[in-house]
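Before any comments, here is the structure.
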Amino acid sequence: MPELPEVETVRQTLRQLVLNKKITDVTVLWDNIIKLPLEPEAFRQELIGQTVQEINRKGKFLILEFDDISMVSHLRMEGKYGVYPAAEPMKKHTHVIFQLDDGTELRYNDVRKFGTMHIFKKGKEINQKPLSLLGPDPFDDSFTADYFYNRLQKTQRTIKAVLLDQSIVAGLGNIYVDETLFRAGVHPERKANLLSRKQVEKVRQAAIETIEEAIQQGGTTIRSYVNSQGQIGMFQQRLFVYGKEEEPCKYCGTPIEKIKVSNRGTHYCRNCQQ
DNA sequence: ATGGTAACCTGCGGGC
DNA sequence: TGCCCGCAGGTTACCA
């Protein structure tokens, strides 16, 4: 489900709900979500007694910072966090429960069970997988025109494949890649190394602008995304191509087309994007 | 180096 | 109504 803007919105809402609360117990109902430590019981023991100090984000990962440890959490397609009174009945797809010291519970819900959680000693998470594999976020100072152009020069993959590659720029997924390329006027199947310096800069600016605008709108809700307070996003009102196949392009009226690129459903305007 | 495919899972909508 | 297929906001492993 979530790409950078949705994860950022979750971060902001979740922060209000759990900051300074202490974990008194943890229940893991689906073991495969826990990646580190390998044993769910060890994961539980690491967390008991820890207080939430801060919640950060890098790319599509949430980073829950405790006293001595950090928990790195990826929501993949359908993961959601919510805070509920302990007495509230469990939903169907709740897989990890963090009991808090004020009588509430932080619950992780994930229909497809794709999400992941890793625990590291505090401060070590940034140098280890999975965070160590990430490139800069789009609005980071290090995502410069030179950096991006040089990375694109090194590959013959399509620009869509490159924008989906989290090691080059972190946080864009299928929706924001399609929207970015529309705004930049670049065809998703163009080879990255054949784009002009000017086009690369247009793509970079479009990525930054799209992601920042989407954060401001609280993310995009297509099917199921809600933040940690159960609210939907508003950016779907500003989509130009994603999910718009056969609808007229908002700029030129040409029907939006849907093709496969990099094995992902890809939406674009054949007139506006060359 | 890159592309295709399957895998990890569940649910939904369309076609028959 | 029921069944089968393809599809879904992600990522990784493996095989051409």
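Every chain in the structure tokens has a letter given in the order shown (A, B, ...), and although residue numbers restart at 1 in each chain, ligands are simply numbered from 1 in the order shown.
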Contact residues (chain B, partner chain A, 10 Å, only C-alpha atoms (C1' of nucleotides)) as a ChimeraX atom specification:
/B:1-5,8-11
Write out the residues from the selection above, keeping N, CA, C and O atoms (P, O5', C5', C4', C3', O3' and C1' of nucleotides), as a PDB file, in the first residue's frame.
```
ATOM      1  P    DA B   1      26.925  -4.939 -12.987  1.00  0.00           P
ATOM      2  O5'  DA B   1      25.913  -5.043 -14.210  1.00  0.00           O
ATOM      3  C5'  DA B   1      26.121  -4.250 -15.364  1.00  0.00           C
ATOM      4  C4'  DA B   1      24.856  -4.289 -16.168  1.00  0.00           C
ATOM      5  C3'  DA B   1      23.614  -3.844 -15.388  1.00  0.00           C
ATOM      6  O3'  DA B   1      22.783  -3.110 -16.272  1.00  0.00           O
ATOM      7  C1'  DA B   1      23.334  -6.072 -16.115  1.00  0.00           C
ATOM      8  P    DT B   2      21.493  -2.426 -15.757  1.00  0.00           P
ATOM      9  O5'  DT B   2      20.387  -3.442 -16.288  1.00  0.00           O
ATOM     10  C5'  DT B   2      20.380  -3.783 -17.664  1.00  0.00           C
ATOM     11  C4'  DT B   2      19.294  -4.814 -17.909  1.00  0.00           C
ATOM     12  C3'  DT B   2      17.987  -4.512 -17.173  1.00  0.00           C
ATOM     13  O3'  DT B   2      16.950  -4.437 -18.133  1.00  0.00           O
ATOM     14  C1'  DT B   2      18.650  -6.769 -16.875  1.00  0.00           C
ATOM     15  P    DG B   3      15.475  -4.156 -17.830  1.00  0.00           P
ATOM     16  O5'  DG B   3      14.808  -5.567 -18.171  1.00  0.00           O
ATOM     17  C5'  DG B   3      15.217  -6.289 -19.334  1.00  0.00           C
ATOM     18  C4'  DG B   3      14.446  -7.583 -19.358  1.00  0.00           C
ATOM     19  C3'  DG B   3      13.051  -7.442 -18.758  1.00  0.00           C
ATOM     20  O3'  DG B   3      12.124  -8.229 -19.496  1.00  0.00           O
ATOM     21  C1'  DG B   3      14.294  -9.033 -17.525  1.00  0.00           C
ATOM     22  P    DG B   4      10.579  -8.169 -19.208  1.00  0.00           P
ATOM     23  O5'  DG B   4      10.227  -9.647 -18.771  1.00  0.00           O
ATOM     24  C5'  DG B   4      10.726 -10.753 -19.507  1.00  0.00           C
ATOM     25  C4'  DG B   4      10.539 -11.998 -18.686  1.00  0.00           C
ATOM     26  C3'  DG B   4       9.173 -12.069 -17.993  1.00  0.00           C
ATOM     27  O3'  DG B   4       8.577 -13.320 -18.280  1.00  0.00           O
ATOM     28  C1'  DG B   4      10.926 -12.358 -16.407  1.00  0.00           C
ATOM     29  P    DT B   5       7.125 -13.663 -17.740  1.00  0.00           P
ATOM     30  O5'  DT B   5       7.453 -14.433 -16.375  1.00  0.00           O
ATOM     31  C5'  DT B   5       8.381 -15.504 -16.381  1.00  0.00           C
ATOM     32  C4'  DT B   5       8.405 -16.108 -14.985  1.00  0.00           C
ATOM     33  C3'  DT B   5       7.051 -16.051 -14.278  1.00  0.00           C
ATOM     34  O3'  DT B   5       6.702 -17.343 -13.805  1.00  0.00           O
ATOM     35  C1'  DT B   5       8.752 -15.118 -12.914  1.00  0.00           C
ATOM     36  P    DC B   8       5.667 -19.359  -0.988  1.00  0.00           P
ATOM     37  O5'  DC B   8       5.464 -18.032  -0.120  1.00  0.00           O
ATOM     38  C5'  DC B   8       6.527 -17.535   0.672  1.00  0.00           C
ATOM     39  C4'  DC B   8       6.178 -16.145   1.104  1.00  0.00           C
ATOM     40  C3'  DC B   8       4.744 -16.016   1.631  1.00  0.00           C
ATOM     41  O3'  DC B   8       4.759 -16.100   3.048  1.00  0.00           O
ATOM     42  C1'  DC B   8       5.440 -14.128   0.291  1.00  0.00           C
ATOM     43  P    DC B   9       3.526 -16.778   3.758  1.00  0.00           P
ATOM     44  O5'  DC B   9       2.399 -15.726   3.418  1.00  0.00           O
ATOM     45  C5'  DC B   9       1.084 -16.181   3.314  1.00  0.00           C
ATOM     46  C4'  DC B   9       0.199 -14.995   3.089  1.00  0.00           C
ATOM     47  C3'  DC B   9      -1.240 -15.383   2.779  1.00  0.00           C
ATOM     48  O3'  DC B   9      -1.952 -15.327   4.006  1.00  0.00           O
ATOM     49  C1'  DC B   9      -0.481 -13.605   1.365  1.00  0.00           C
ATOM     50  P    DT B  10      -3.364 -16.020   4.058  1.00  0.00           P
ATOM     51  O5'  DT B  10      -4.319 -14.885   3.482  1.00  0.00           O
ATOM     52  C5'  DT B  10      -4.400 -13.622   4.128  1.00  0.00           C
ATOM     53  C4'  DT B  10      -5.216 -12.699   3.262  1.00  0.00           C
ATOM     54  C3'  DT B  10      -6.601 -13.232   2.927  1.00  0.00           C
ATOM     55  O3'  DT B  10      -7.542 -12.404   3.583  1.00  0.00           O
ATOM     56  C1'  DT B  10      -5.511 -12.232   1.038  1.00  0.00           C
ATOM     57  P    DG B  11      -9.083 -12.652   3.390  1.00  0.00           P
ATOM     58  O5'  DG B  11      -9.437 -11.641   2.214  1.00  0.00           O
ATOM     59  C5'  DG B  11      -9.101 -10.271   2.355  1.00  0.00           C
ATOM     60  C4'  DG B  11      -9.494  -9.520   1.106  1.00  0.00           C
ATOM     61  C3'  DG B  11     -10.916  -9.818   0.622  1.00  0.00           C
ATOM     62  O3'  DG B  11     -11.505  -8.593   0.247  1.00  0.00           O
ATOM     63  C1'  DG B  11      -9.386 -10.186  -1.120  1.00  0.00           C
TER      64       DG B  11
END
```
Could you write out as a count of residues only the residues of chain C within 12 Å of chain A, counting only C-alpha atoms (C1' of nucleotides)?
6
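When atom CA of Cys249 of chain A is paired with atom CA of Ala207 of chain A, their separation reads 19.4 Å.
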Residues of segment 23-97 of chain A classed as alpha helix (DSSP H) by DSSP on the backbone are to be reported as a PyMOL selection string.
chain A and resi 40-47
Would you write out those residues with all heavy atoms, as an mmCIF file, in the first residue's frame?
```cif
data_model
loop_
_atom_site.group_PDB
_atom_site.id
_atom_site.type_symbol
_atom_site.label_atom_id
_atom_site.label_comp_id
_atom_site.auth_asym_id
_atom_site.auth_seq_id
_atom_site.Cartn_x
_atom_site.Cartn_y
_atom_site.Cartn_z
ATOM 1 N N PRO A 40 10.635 -14.870 17.435
ATOM 2 C CA PRO A 40 9.640 -13.915 17.926
ATOM 3 C C PRO A 40 9.709 -13.711 19.449
ATOM 4 O O PRO A 40 9.470 -12.604 19.928
ATOM 5 C CB PRO A 40 8.317 -14.554 17.529
ATOM 6 C CG PRO A 40 8.646 -15.386 16.336
ATOM 7 C CD PRO A 40 10.032 -15.896 16.561
ATOM 8 N N GLU A 41 10.076 -14.742 20.188
ATOM 9 C CA GLU A 41 10.179 -14.584 21.647
ATOM 10 C C GLU A 41 11.321 -13.633 22.016
ATOM 11 O O GLU A 41 11.191 -12.824 22.941
ATOM 12 C CB GLU A 41 10.352 -15.957 22.319
ATOM 13 C CG GLU A 41 10.553 -15.909 23.826
ATOM 14 C CD GLU A 41 9.433 -15.207 24.597
ATOM 15 O OE1 GLU A 41 8.301 -15.084 24.072
ATOM 16 O OE2 GLU A 41 9.690 -14.756 25.742
ATOM 17 N N ALA A 42 12.413 -13.695 21.285
ATOM 18 C CA ALA A 42 13.527 -12.775 21.524
ATOM 19 C C ALA A 42 13.115 -11.350 21.156
ATOM 20 O O ALA A 42 13.472 -10.389 21.843
ATOM 21 C CB ALA A 42 14.745 -13.202 20.713
ATOM 22 N N PHE A 43 12.360 -11.207 20.074
ATOM 23 C CA PHE A 43 11.802 -9.913 19.652
ATOM 24 C C PHE A 43 10.959 -9.325 20.790
ATOM 25 O O PHE A 43 11.110 -8.157 21.162
ATOM 26 C CB PHE A 43 10.950 -10.169 18.403
ATOM 27 C CG PHE A 43 10.184 -8.989 17.866
ATOM 28 C CD1 PHE A 43 10.783 -8.088 16.997
ATOM 29 C CD2 PHE A 43 8.844 -8.802 18.195
ATOM 30 C CE1 PHE A 43 10.066 -7.021 16.470
ATOM 31 C CE2 PHE A 43 8.124 -7.740 17.682
ATOM 32 C CZ PHE A 43 8.735 -6.842 16.816
ATOM 33 N N ARG A 44 10.120 -10.167 21.373
ATOM 34 C CA ARG A 44 9.249 -9.742 22.482
ATOM 35 C C ARG A 44 10.087 -9.264 23.670
ATOM 36 O O ARG A 44 9.834 -8.184 24.225
ATOM 37 C CB ARG A 44 8.371 -10.941 22.876
ATOM 38 C CG ARG A 44 7.564 -10.746 24.116
ATOM 39 C CD ARG A 44 6.583 -11.906 24.323
ATOM 40 N NE ARG A 44 5.923 -11.779 25.608
ATOM 41 C CZ ARG A 44 6.335 -12.375 26.733
ATOM 42 N NH1 ARG A 44 7.392 -13.190 26.724
ATOM 43 N NH2 ARG A 44 5.679 -12.170 27.868
ATOM 44 N N GLN A 45 11.095 -10.039 24.024
ATOM 45 C CA GLN A 45 11.920 -9.699 25.197
ATOM 46 C C GLN A 45 12.679 -8.386 24.989
ATOM 47 O O GLN A 45 12.872 -7.620 25.941
ATOM 48 C CB GLN A 45 12.893 -10.839 25.503
ATOM 49 C CG GLN A 45 12.220 -12.106 26.033
ATOM 50 C CD GLN A 45 11.459 -11.901 27.337
ATOM 51 O OE1 GLN A 45 11.728 -10.960 28.085
ATOM 52 N NE2 GLN A 45 10.478 -12.772 27.596
ATOM 53 N N GLU A 46 13.115 -8.134 23.758
ATOM 54 C CA GLU A 46 13.819 -6.882 23.468
ATOM 55 C C GLU A 46 12.927 -5.670 23.725
ATOM 56 O O GLU A 46 13.397 -4.619 24.160
ATOM 57 C CB GLU A 46 14.268 -6.843 21.997
ATOM 58 C CG GLU A 46 15.370 -7.817 21.627
ATOM 59 C CD GLU A 46 16.757 -7.250 21.892
ATOM 60 O OE1 GLU A 46 16.862 -6.208 22.559
ATOM 61 O OE2 GLU A 46 17.730 -7.875 21.435
ATOM 62 N N LEU A 47 11.640 -5.817 23.444
ATOM 63 C CA LEU A 47 10.727 -4.666 23.485
ATOM 64 C C LEU A 47 10.127 -4.404 24.867
ATOM 65 O O LEU A 47 9.807 -3.256 25.193
ATOM 66 C CB LEU A 47 9.603 -4.872 22.461
ATOM 67 C CG LEU A 47 10.025 -4.645 21.008
ATOM 68 C CD1 LEU A 47 9.018 -5.262 20.052
ATOM 69 C CD2 LEU A 47 10.156 -3.151 20.725
#
```
Enumerate as number ranges by chain all residues of segment 42-225 of chain A assigned to strand (DSSP E or B) by DSSP on the backbone, naming them with the chain letters and numbers the document uses.
A: 51, 54-58, 61-65, 69-74, 80-85, 94-100, 104-109, 116-121, 158, 191
Could those selected residues go to a file with N, CA and C atoms, as a compact mmCIF listing (two decimals), in the first residue's frame?
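To be explicit, this is the file written out as again-v8.txt:
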```
# COMPACT_ATOMS: atom_id res chain seq x y z
N THR A 51 10.41 2.36 26.24
CA THR A 51 9.51 3.50 26.06
C THR A 51 9.74 4.15 24.69
N GLU A 54 10.79 8.38 20.02
CA GLU A 54 10.56 9.16 18.80
C GLU A 54 10.17 8.19 17.69
N ILE A 55 9.49 8.71 16.67
CA ILE A 55 9.22 7.90 15.48
C ILE A 55 9.77 8.66 14.29
N ASN A 56 10.66 8.01 13.55
CA ASN A 56 11.24 8.61 12.35
C ASN A 56 10.83 7.80 11.13
N ARG A 57 11.33 8.23 9.97
CA ARG A 57 11.01 7.54 8.72
C ARG A 57 12.17 7.69 7.76
N LYS A 58 12.45 6.62 7.02
CA LYS A 58 13.41 6.75 5.90
C LYS A 58 12.81 5.98 4.74
N PHE A 61 10.15 3.18 5.19
CA PHE A 61 10.30 2.51 6.49
C PHE A 61 9.97 3.45 7.64
N LEU A 62 9.25 2.94 8.62
CA LEU A 62 9.07 3.62 9.90
C LEU A 62 10.17 3.17 10.83
N ILE A 63 10.70 4.10 11.64
CA ILE A 63 11.72 3.75 12.63
C ILE A 63 11.22 4.19 14.00
N LEU A 64 10.83 3.21 14.81
CA LEU A 64 10.38 3.51 16.17
C LEU A 64 11.59 3.45 17.09
N GLU A 65 11.92 4.60 17.67
CA GLU A 65 13.10 4.69 18.54
C GLU A 65 12.68 4.52 19.98
N ILE A 69 16.86 0.52 21.87
CA ILE A 69 16.73 -0.17 20.59
C ILE A 69 15.90 0.66 19.60
N SER A 70 15.97 0.27 18.33
CA SER A 70 15.11 0.85 17.29
C SER A 70 14.38 -0.28 16.59
N MET A 71 13.12 -0.06 16.30
CA MET A 71 12.38 -1.04 15.52
C MET A 71 12.11 -0.45 14.14
N VAL A 72 12.58 -1.15 13.11
CA VAL A 72 12.41 -0.72 11.73
C VAL A 72 11.25 -1.51 11.14
N SER A 73 10.23 -0.79 10.67
CA SER A 73 8.99 -1.45 10.27
C SER A 73 8.60 -1.04 8.85
N HIS A 74 8.34 -2.03 8.00
CA HIS A 74 7.88 -1.75 6.64
C HIS A 74 6.46 -2.28 6.48
N LYS A 80 -0.90 -1.66 8.55
CA LYS A 80 -1.48 -0.50 9.23
C LYS A 80 -1.20 -0.59 10.72
N TYR A 81 -0.94 0.56 11.35
CA TYR A 81 -0.85 0.63 12.80
C TYR A 81 -2.05 1.38 13.34
N GLY A 82 -2.54 0.91 14.49
CA GLY A 82 -3.61 1.63 15.17
C GLY A 82 -3.45 1.45 16.67
N VAL A 83 -4.00 2.39 17.44
CA VAL A 83 -3.95 2.31 18.90
C VAL A 83 -5.38 2.17 19.41
N TYR A 84 -5.60 1.16 20.24
CA TYR A 84 -6.96 0.84 20.70
C TYR A 84 -6.95 0.56 22.19
N PRO A 85 -8.10 0.75 22.86
CA PRO A 85 -8.21 0.27 24.25
C PRO A 85 -7.99 -1.24 24.26
N THR A 94 -5.09 -8.72 12.57
CA THR A 94 -4.10 -8.18 13.51
C THR A 94 -3.07 -9.27 13.80
N HIS A 95 -1.78 -8.93 13.60
CA HIS A 95 -0.74 -9.96 13.72
C HIS A 95 0.30 -9.69 14.81
N VAL A 96 0.46 -8.41 15.20
CA VAL A 96 1.40 -8.10 16.27
C VAL A 96 0.74 -7.08 17.20
N ILE A 97 0.80 -7.35 18.52
CA ILE A 97 0.16 -6.48 19.51
C ILE A 97 1.20 -6.02 20.52
N PHE A 98 1.31 -4.69 20.67
CA PHE A 98 2.23 -4.10 21.64
C PHE A 98 1.37 -3.53 22.76
N GLN A 99 1.42 -4.15 23.92
CA GLN A 99 0.64 -3.68 25.05
C GLN A 99 1.36 -2.49 25.69
N LEU A 100 0.62 -1.41 25.94
CA LEU A 100 1.23 -0.19 26.48
C LEU A 100 0.82 0.04 27.93
N THR A 104 -3.73 0.99 26.74
CA THR A 104 -4.03 0.88 25.32
C THR A 104 -3.07 -0.13 24.68
N GLU A 105 -3.34 -0.47 23.42
CA GLU A 105 -2.48 -1.38 22.69
C GLU A 105 -2.18 -0.80 21.31
N LEU A 106 -0.92 -0.86 20.91
CA LEU A 106 -0.53 -0.56 19.53
C LEU A 106 -0.67 -1.88 18.77
N ARG A 107 -1.52 -1.87 17.72
CA ARG A 107 -1.76 -3.11 16.99
C ARG A 107 -1.34 -2.97 15.53
N TYR A 108 -0.67 -4.00 15.01
CA TYR A 108 -0.25 -4.03 13.61
C TYR A 108 -1.18 -4.97 12.85
N ASN A 109 -1.83 -4.40 11.82
CA ASN A 109 -2.83 -5.10 11.04
C ASN A 109 -2.35 -5.18 9.60
N THR A 116 7.22 -6.19 7.43
CA THR A 116 8.40 -6.71 8.12
C THR A 116 8.76 -5.84 9.32
N MET A 117 9.37 -6.44 10.34
CA MET A 117 9.88 -5.71 11.51
C MET A 117 11.27 -6.23 11.86
N HIS A 118 12.20 -5.26 12.06
CA HIS A 118 13.56 -5.59 12.47
C HIS A 118 13.88 -4.79 13.73
N ILE A 119 14.59 -5.38 14.66
CA ILE A 119 15.07 -4.64 15.83
C ILE A 119 16.59 -4.58 15.80
N PHE A 120 17.11 -3.36 16.08
CA PHE A 120 18.56 -3.13 16.15
C PHE A 120 18.88 -2.39 17.43
N LYS A 121 20.13 -2.47 17.87
CA LYS A 121 20.59 -1.59 18.95
C LYS A 121 20.48 -0.17 18.41
N THR A 158 14.82 1.15 -17.84
CA THR A 158 13.84 2.20 -18.11
C THR A 158 13.80 3.16 -16.93
N LYS A 191 14.85 4.95 -21.82
CA LYS A 191 16.04 4.44 -21.16
C LYS A 191 16.67 5.55 -20.32
```
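Atom pair atom CA of Asp67 of chain A / atom CA of Gln231 of chain A has a distance of 29.5 Å (rounded to one decimal).
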Which residues come within 10 Å of DG14 of chain B, counting only C-alpha atoms (C1' of nucleotides), excluding same-chain residues fewer than 2 positions away, as a ChimeraX atom specification?
/B:12,16 /C:5-6
Å distance separating atom CA of Gly253 of chain A from atom C1' of DG13 of chain B, one decimal place
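Interatomic distance, atom CA of Gly253 of chain A to atom C1' of DG13 of chain B: 27.6 Å.
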Just want the 7 Å neighbourhood of segment 129-138 of chain A, counted on only C-alpha atoms (C1' of nucleotides), with same-chain residues fewer than 2 positions away dropped. Output as a list in words.
Gly59, Glu125, Ile126, Asn127, Asp140, Ser142, Phe143, Gln166, Ser167, Ile168, Val169, Ala170, Gly171, Ala207 and Ile208 of chain A
